[in-house]
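Participant: Got a structure for you, upload_1.txt, holding compact mmCIF, C-alpha atoms and all ligand atoms.
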# COMPACT_ATOMS: atom_id res chain seq x y z
CA MET A 1 -15.20 21.82 -4.86
CA GLU A 2 -12.91 20.34 -2.25
CA GLU A 3 -9.97 22.32 -0.93
CA ILE A 4 -7.18 19.99 0.06
CA ASN A 5 -4.01 21.44 1.56
CA ASN A 6 -1.34 20.90 4.22
CA ILE A 7 -0.65 17.50 2.70
CA GLU A 8 1.92 15.43 4.56
CA VAL A 9 2.72 11.79 3.91
CA VAL A 10 4.05 9.73 6.81
CA PRO A 11 4.60 5.99 7.41
CA CYS A 12 1.53 4.24 8.83
CA THR A 13 2.69 2.36 11.90
CA GLU A 14 -0.62 1.85 13.69
CA SER A 15 -4.16 1.95 12.27
CA ASN A 16 -7.76 1.25 13.22
CA TYR A 17 -8.52 0.51 9.57
CA LEU A 18 -5.76 -1.75 8.27
CA LYS A 19 -2.97 -3.97 9.50
CA PRO A 20 -0.13 -5.13 7.24
CA PHE A 21 1.26 -8.68 7.59
CA ARG A 22 3.56 -11.07 5.71
CA VAL A 23 2.59 -14.74 5.48
CA HIS A 24 5.16 -17.43 4.67
CA TYR A 25 3.84 -20.72 3.30
CA ASN A 26 4.64 -23.71 1.15
CA GLN A 27 2.55 -24.28 -1.98
CA ASN A 28 3.04 -27.66 -3.66
CA GLY A 29 6.47 -27.83 -2.11
CA THR A 30 7.53 -24.32 -3.15
CA LYS A 31 8.33 -21.84 -0.40
CA LYS A 32 6.47 -18.59 -0.87
CA SER A 33 5.56 -15.41 0.95
CA TRP A 34 2.82 -12.83 0.47
CA ASP A 35 2.28 -9.38 1.92
CA PHE A 36 -1.30 -8.50 2.76
CA MET A 37 -3.48 -6.16 4.80
CA ARG A 38 -6.19 -7.10 7.20
CA THR A 39 -9.13 -4.71 6.75
CA HIS A 40 -12.84 -4.60 7.49
CA ASP A 41 -15.37 -6.23 5.20
CA SER A 42 -17.86 -3.82 3.69
CA VAL A 43 -21.35 -3.35 2.30
CA SER A 44 -22.44 -1.32 -0.70
CA VAL A 45 -25.92 -0.33 -1.86
CA LEU A 46 -27.26 0.37 -5.33
CA ILE A 47 -30.01 2.92 -4.65
CA PHE A 48 -32.70 3.55 -7.25
CA ASN A 49 -35.13 6.41 -6.78
CA THR A 50 -38.45 5.36 -8.31
CA THR A 51 -39.82 8.93 -8.23
CA SER A 52 -37.10 10.47 -10.36
CA HIS A 53 -35.90 7.26 -12.07
CA CYS A 54 -32.34 8.05 -11.00
CA PHE A 55 -29.58 6.11 -9.33
CA ILE A 56 -28.31 7.72 -6.15
CA LEU A 57 -24.52 7.67 -5.93
CA VAL A 58 -22.04 9.32 -3.62
CA LYS A 59 -19.06 11.37 -4.62
CA GLN A 60 -16.17 11.88 -2.24
CA PHE A 61 -12.49 12.72 -1.95
CA ARG A 62 -10.43 9.54 -1.62
CA PRO A 63 -6.92 10.12 -0.28
CA ALA A 64 -5.65 6.80 -1.70
CA VAL A 65 -6.84 7.70 -5.20
CA TYR A 66 -5.40 11.19 -4.85
CA MET A 67 -1.99 9.82 -3.85
CA CYS A 68 -1.93 7.52 -6.90
CA GLU A 69 -2.60 10.54 -9.10
CA TRP A 70 0.14 12.41 -7.24
CA GLU A 71 2.63 9.58 -7.95
CA LYS A 72 1.68 9.72 -11.62
CA LYS A 73 2.07 13.48 -11.81
CA LYS A 74 5.39 13.32 -9.94
CA THR A 75 6.76 10.76 -12.41
CA LYS A 76 5.57 12.77 -15.41
CA THR A 77 6.92 16.05 -14.02
CA SER A 78 10.32 14.59 -13.15
CA GLN A 79 10.56 13.02 -16.61
CA GLY A 80 9.72 16.44 -18.08
CA ALA A 81 12.26 18.11 -15.79
CA GLU A 82 14.95 15.66 -16.90
CA LYS A 83 14.26 16.53 -20.51
CA THR A 84 14.15 20.30 -20.07
CA GLU A 85 16.51 20.49 -17.07
CA GLU A 86 14.15 22.82 -15.31
CA GLY A 87 11.92 22.60 -12.23
CA ASP A 88 12.06 20.11 -9.39
CA ALA A 89 8.93 18.19 -8.44
CA SER A 90 10.60 15.98 -5.88
CA GLU A 91 9.21 14.79 -2.55
CA SER A 92 10.98 17.69 -0.84
CA GLN A 93 7.85 19.71 -1.53
CA GLU A 94 5.67 17.37 0.54
CA GLY A 95 3.83 19.09 3.34
CA GLN A 96 3.45 22.36 1.48
CA SER A 97 0.33 24.20 2.52
CA ALA A 98 -0.87 25.82 -0.69
CA PRO A 99 -4.21 24.56 -2.02
CA ALA A 100 -3.59 21.65 -4.36
CA GLU A 101 -4.86 23.53 -7.38
CA ALA A 102 -2.15 25.62 -9.07
CA SER A 103 -0.68 23.93 -12.13
CA SER A 104 2.88 24.81 -10.99
CA SER A 105 2.23 22.82 -7.79
CA PRO A 106 3.54 19.24 -7.56
CA TRP A 107 0.09 18.36 -6.22
CA PRO A 108 -2.68 17.52 -8.64
CA PRO A 109 -5.98 19.38 -8.17
CA ALA A 110 -8.19 17.99 -5.40
CA SER A 111 -10.64 16.80 -8.04
CA ALA A 112 -8.06 14.16 -9.05
CA GLY A 113 -8.96 12.29 -5.84
CA VAL A 114 -12.75 12.52 -6.13
CA THR A 115 -14.62 9.37 -7.19
CA TYR A 116 -18.21 8.32 -7.85
CA GLU A 117 -19.21 5.31 -5.76
CA LEU A 118 -22.14 3.32 -4.50
CA CYS A 119 -23.23 4.25 -1.02
CA ALA A 120 -20.98 2.00 1.07
CA GLY A 121 -19.58 1.40 4.49
CA LEU A 122 -17.31 -0.73 6.60
CA VAL A 123 -18.65 -3.67 8.55
CA ASP A 124 -17.30 -2.47 11.86
CA LYS A 125 -20.28 -3.03 14.17
CA PRO A 126 -20.30 -6.72 15.15
CA ASP A 127 -23.76 -6.53 16.76
CA LEU A 128 -25.47 -5.34 13.55
CA SER A 129 -26.51 -7.42 10.54
CA LEU A 130 -25.14 -6.52 7.10
CA GLU A 131 -28.63 -5.27 6.16
CA GLU A 132 -28.74 -3.03 9.22
CA ILE A 133 -25.28 -1.60 8.47
CA ALA A 134 -26.34 -0.99 4.87
CA ARG A 135 -29.54 0.71 6.05
CA GLN A 136 -27.53 3.06 8.27
CA GLU A 137 -25.17 3.96 5.42
CA VAL A 138 -28.12 4.75 3.12
CA LEU A 139 -29.51 7.07 5.78
CA GLU A 140 -26.22 8.74 6.78
CA GLU A 141 -24.67 9.10 3.35
CA CYS A 142 -27.73 9.63 1.12
CA GLY A 143 -30.52 10.75 3.47
CA TYR A 144 -33.06 8.00 2.62
CA ASP A 145 -34.77 6.16 5.45
CA VAL A 146 -35.60 2.63 4.30
CA PRO A 147 -36.24 -0.41 6.50
CA ALA A 148 -33.49 -3.05 6.48
CA SER A 149 -36.08 -5.58 5.29
CA LYS A 150 -36.42 -3.68 2.01
CA LEU A 151 -32.76 -4.18 1.13
CA LYS A 152 -32.34 -6.91 -1.46
CA ARG A 153 -29.04 -8.76 -1.41
CA ILE A 154 -27.53 -8.77 -4.92
CA THR A 155 -24.36 -10.75 -4.27
CA SER A 156 -21.01 -10.69 -2.48
CA TYR A 157 -17.47 -10.81 -3.77
CA ARG A 158 -13.88 -10.16 -2.76
CA SER A 159 -13.32 -6.44 -3.08
CA GLY A 160 -9.59 -7.07 -3.36
CA VAL A 161 -7.60 -10.27 -3.80
CA GLY A 162 -3.98 -9.13 -4.03
CA VAL A 163 -3.74 -6.94 -0.96
CA THR A 164 -6.75 -7.26 1.35
CA GLY A 165 -8.95 -10.23 0.46
CA SER A 166 -11.86 -8.51 2.19
CA LYS A 167 -15.44 -9.24 1.27
CA GLN A 168 -18.06 -6.78 0.08
CA THR A 169 -21.77 -7.55 0.09
CA MET A 170 -23.89 -5.56 -2.36
CA PHE A 171 -27.53 -4.67 -1.79
CA TYR A 172 -30.25 -3.05 -3.89
CA ALA A 173 -32.59 -0.50 -2.37
CA GLU A 174 -35.58 1.06 -4.07
CA VAL A 175 -36.43 4.42 -2.58
CA SER A 176 -38.86 7.21 -3.41
CA ASP A 177 -38.79 10.93 -2.68
CA ASP A 178 -41.08 10.13 0.27
CA ASN A 179 -38.22 8.20 1.92
CA CYS A 180 -35.91 11.21 1.71
CA VAL A 181 -35.52 12.58 5.24
CA SER A 182 -32.27 14.59 4.96
CA ALA A 183 -29.64 15.74 2.50
CA GLY A 184 -27.29 12.94 3.56
CA GLY A 185 -23.61 13.79 3.29
CA GLY A 186 -22.14 11.37 5.81
CA GLU A 187 -21.47 11.49 9.51
CA PRO A 188 -20.09 14.93 10.41
CA GLY A 189 -18.69 13.40 13.62
CA GLU A 190 -16.51 11.11 11.48
CA GLY A 191 -15.45 14.01 9.27
CA GLU A 192 -17.25 12.56 6.26
CA LEU A 193 -17.83 15.00 3.39
CA ILE A 194 -20.01 13.22 0.89
CA GLU A 195 -21.89 14.67 -2.06
CA VAL A 196 -25.05 12.86 -3.13
CA VAL A 197 -25.28 12.58 -6.92
CA LYS A 198 -28.17 11.48 -9.14
CA VAL A 199 -27.56 9.57 -12.36
CA PRO A 200 -30.69 9.36 -14.56
CA LEU A 201 -31.55 5.81 -15.56
CA HIS A 202 -31.32 6.52 -19.28
CA GLU A 203 -27.74 7.83 -18.86
CA ALA A 204 -26.55 5.00 -16.63
CA MET A 205 -24.80 2.83 -19.21
CA THR A 206 -23.02 5.75 -20.85
CA PHE A 207 -21.98 6.88 -17.36
CA ALA A 208 -20.74 3.38 -16.48
CA TYR A 209 -18.44 3.09 -19.47
CA ASP A 210 -17.20 6.70 -19.57
CA GLU A 211 -13.58 6.32 -18.49
CA ARG A 212 -13.29 10.04 -17.89
CA ILE A 213 -15.61 9.64 -14.91
CA PRO A 214 -13.60 8.11 -12.04
CA LYS A 215 -15.64 5.43 -10.36
CA THR A 216 -15.56 2.10 -8.57
CA MET A 217 -16.17 -1.27 -10.14
CA GLY A 218 -19.26 -1.54 -7.92
CA VAL A 219 -20.96 1.27 -9.84
CA ILE A 220 -20.30 -0.39 -13.19
CA PHE A 221 -21.29 -3.87 -12.04
CA SER A 222 -24.48 -2.75 -10.29
CA PHE A 223 -25.67 -0.70 -13.27
CA ILE A 224 -25.22 -3.77 -15.46
CA TRP A 225 -27.00 -5.89 -12.84
CA PHE A 226 -29.92 -3.45 -12.91
CA HIS A 227 -29.95 -3.48 -16.70
CA ASN A 228 -30.09 -7.28 -16.73
CA ASN A 229 -32.57 -7.74 -13.89
CA MET A 230 -34.75 -4.67 -13.50
CA SER A 231 -34.94 -3.16 -16.99
CA PRO A 232 -38.21 -4.83 -17.99
CA LYS A 233 -39.86 -3.45 -14.85
CA TYR A 234 -38.79 0.11 -15.67
CA LYS A 235 -39.13 -0.31 -19.43
CA ILE A 236 -35.77 1.18 -20.25
CA SER A 237 -33.90 0.90 -23.45
CA THR A 238 -30.17 1.36 -23.08
CA ASN A 239 -27.46 0.68 -25.57
CA VAL A 240 -24.77 -1.52 -24.04
O1 LIG A 301 -7.80 5.66 7.07
C1 LIG A 301 -8.98 5.90 7.36
C2 LIG A 301 -10.04 5.06 6.98
C3 LIG A 301 -11.31 5.38 7.37
N1 LIG A 301 -11.54 6.50 8.11
C4 LIG A 301 -12.92 6.80 8.59
O2 LIG A 301 -13.75 5.70 8.39
C5 LIG A 301 -14.86 6.07 7.61
C6 LIG A 301 -15.20 4.90 6.69
O3 LIG A 301 -16.36 5.20 6.01
P1 LIG A 301 -17.36 4.07 5.52
O4 LIG A 301 -18.48 4.77 4.84
O5 LIG A 301 -17.66 3.12 6.63
O6 LIG A 301 -16.52 3.23 4.47
P2 LIG A 301 -16.07 3.72 3.04
O7 LIG A 301 -14.86 4.58 3.16
O8 LIG A 301 -17.23 4.28 2.30
O9 LIG A 301 -15.57 2.40 2.31
C7 LIG A 301 -16.47 1.55 1.64
O10 LIG A 301 -16.71 1.94 0.33
C8 LIG A 301 -15.61 1.84 -0.58
C9 LIG A 301 -16.13 2.28 -1.92
O11 LIG A 301 -17.13 1.42 -2.38
C10 LIG A 301 -15.03 0.45 -0.63
O12 LIG A 301 -13.85 0.47 -1.41
C11 LIG A 301 -14.71 0.02 0.76
O13 LIG A 301 -14.30 -1.32 0.70
C12 LIG A 301 -15.93 0.15 1.64
O14 LIG A 301 -15.63 -0.21 2.96
C13 LIG A 301 -14.43 7.32 6.88
O15 LIG A 301 -15.45 8.14 6.49
C14 LIG A 301 -13.57 7.98 7.92
O16 LIG A 301 -14.40 8.63 8.85
C15 LIG A 301 -10.52 7.33 8.46
O17 LIG A 301 -10.74 8.36 9.10
N2 LIG A 301 -9.25 7.01 8.08
MG MG A 302 -18.93 5.19 2.89
As structure tokens, what does this structure read like?
Facilitator:
Amino acid sequence: MEEINNIEVVPCTESNYLKPFRVHYNQNGTKKSWDFMRTHDSVSVLIFNTTSHCFILVKQFRPAVYMCEWEKKKTKTSQGAEKTEEGDASESQEGQSAPAEASSSPWPPASAGVTYELCAGLVDKPDLSLEEIARQEVLEECGYDVPASKLKRITSYRSGVGVTGSKQTMFYAEVSDDNCVSAGGGEPGEGELIEVVKVPLHEAMTFAYDERIPKTMGVIFSFIWFHNNMSPKYKISTNV
């Protein structure tokens, strides 16, 4: 279980990861403007372990998700406070250092920011191919050593269209227990704290559609892709 504390929210004026811009343009004679972020493209990898017939996912604390949950809780609490005229869950409590667990805290529990995802990474090394970047992420995050040539490209898509427009390329990697060389967990030097999670093949579709399990679209799409393309090979019967 994560322990998240000393939370402080500040304006982001300079970043290695994103840059906000506003573009003005004319579309069919109408003057318009749009605010967007420039960010890195990314790769993601659906990993299937043929020894255990499980998908290998990662689970990690996502500050952006956590802050959305915080906004939601803040709105609910202040609506409740208005009704009962008690308590104050305003932003004045930002920066408090108690663990974000107690129910009286304005902060949701840390688990509110934890999501299930495909192994994924930013395309931030210009000298490496997408396959090579994906290979490194599989090794660092999940502990499987597979050659880049064994990564099968599934497809690519815009991972966001309103705010970033960045592209994600998705790969499929079949691994076995023999390829497992470490516990994974991410790059400690980068402060990554990643939990490797196995989802058994026969539970995948139920997992994908269970809204109580916070996850990315990539997980849902790739499980369906596997169901449509690989099911005969692994003789699975799933109810979609
Ligand atoms: O504000 C930031 C952003 C990134 N980092 C660092 O950069 C690393 C980025 O990790 P990486 O594994 O390269 O990327 P992910 O965070 O896993 O993001 C990928 O995976 C996400 C989930 O699929 C997608 O949404 C993203 O588009 C995709 O880039 C993090 O661990 C941090 O070390 C920071 O410290 N601060
Ligand atoms: Mg990652």
Participant: Just how far from CA of Gly218 (chain A) is CA of Glu14 (chain A), in Å to one decimal?
Facilitator: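 According to the coordinates, CA of Glu14 (chain A) and CA of Gly218 (chain A) are separated by 28.7 Å.
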Participant: Quick one, how far is atom O15 of ligand LIG 301 (chain A) from CA of Arg22 (chain A)?
Facilitator: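 If I compute the distance from atom O15 of ligand LIG 301 (chain A) to CA of Arg22 (chain A), I get 27.0 Å.
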Participant: Considering only C-alpha atoms, return as a list in words whatever protein or nucleic-acid residues lie within 12 Å of Gly162 (chain A), sequence-local ones (same chain, fewer than 4 positions apart) excluded.
Facilitator: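 Here the answer would be Trp34, Asp35, Phe36, Met37, Arg38, Arg158 and Ser166 of chain A.
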Participant: Within 10 Å of (-35.2, -5.5, 9.3) (coordinates as in the file), grab all the protein and nucleic acid residues, counting all atoms listed in the file, and write them out as a list in words.
Facilitator: Ser129, Glu131, Glu132, Arg135, Val146, Pro147, Ala148, Ser149, Lys150 and Leu151 of chain A
Participant: With distances taken over all atoms listed in the file, which residue among A:Pro232, A:Ala173, A:His202, A:Pro214 lies nearest His53 (chain A)?
Facilitator: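 The answer is A:His202, which sits nearest to His53 (chain A).
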Participant: Pick out the closest residue to ligand MG 302 (chain A) from this set: A:Ile7, A:Val175, A:Ile47, A:Leu193. Count all atoms listed in the file.
Facilitator: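 Going through A:Ile7, A:Val175, A:Ile47, A:Leu193 one by one, the smallest distance to ligand MG 302 (chain A) is for A:Leu193.
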Participant: Grab me every residue within 8 Å of ligand MG 302 (chain A), counting all atoms listed in the file, and send it over as a PDB file with C-alpha atoms, in the coordinates of the input.
Facilitator:
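What follows is the written file pocket.pdb:
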ATOM      1  CA  CYS A 119     -23.230   4.250  -1.020  1.00  0.00           C
ATOM      2  CA  ALA A 120     -20.980   2.000   1.070  1.00  0.00           C
ATOM      3  CA  GLY A 121     -19.580   1.400   4.490  1.00  0.00           C
ATOM      4  CA  LEU A 122     -17.310  -0.730   6.600  1.00  0.00           C
ATOM      5  CA  GLU A 137     -25.170   3.960   5.420  1.00  0.00           C
ATOM      6  CA  GLU A 141     -24.670   9.100   3.350  1.00  0.00           C
ATOM      7  CA  GLY A 186     -22.140  11.370   5.810  1.00  0.00           C
TER       8      GLY A 186
END
Participant: Set the cut-off to 6 Å, count all atoms listed in the file, and list whatever residues fall near ligand LIG 301 (chain A) as a list in words.
Facilitator: Tyr17, Ser42, Glu117, Leu118, Ala120, Gly121, Leu122, Glu190, Gly191 and Glu192 of chain A
Participant: Between A:Val58, A:Ile133, A:Leu46, A:Ala112, which one has atoms that come closest to Glu71 (chain A), using all atoms listed in the file?
Facilitator: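 Residue with the minimum atom-to-atom distance to Glu71 (chain A): A:Ala112.
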Participant: Which residues are near region 221-226 of chain A? Cut-off 7 Å, all atoms listed in the file, ignore same chain within fewer than 5 positions. Put them as a compact mmCIF listing (two decimals) with C-alpha atoms, in the coordinates of the input.
Facilitator:
# COMPACT_ATOMS: atom_id res chain seq x y z
CA LEU A 46 -27.26 0.37 -5.33
CA ALA A 204 -26.55 5.00 -16.63
CA MET A 205 -24.80 2.83 -19.21
CA SER A 231 -34.94 -3.16 -16.99
Participant: Which value, in Å to one decimal, gives the distance between CA of Thr39 (chain A) and CA of Val161 (chain A)?
Facilitator: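 Spanning CA of Thr39 (chain A) to CA of Val161 (chain A) is a straight-line distance of 12.0 Å.
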Participant: My list of candidates is A:Thr216, A:Ser176, A:Asn229, A:Thr13. Which is closest to Thr50 (chain A) when distances are computed with all atoms listed in the file?
Facilitator: A:Ser176
Participant: Measuring atom to atom with all atoms listed in the file, identify which of A:Trp70, A:Glu140, A:Ala64, A:Glu203 is nearest to Gly189 (chain A).
Facilitator: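 Ranking A:Trp70, A:Glu140, A:Ala64, A:Glu203 by distance to Gly189 (chain A), first place goes to A:Glu140.
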Participant: Using all atoms listed in the file, which residue out of A:Arg62, A:Lys76, A:Arg212, A:His40 lies closest to Ala110 (chain A)?
Facilitator: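 Closest residue, counting all atoms listed in the file: A:Arg62.
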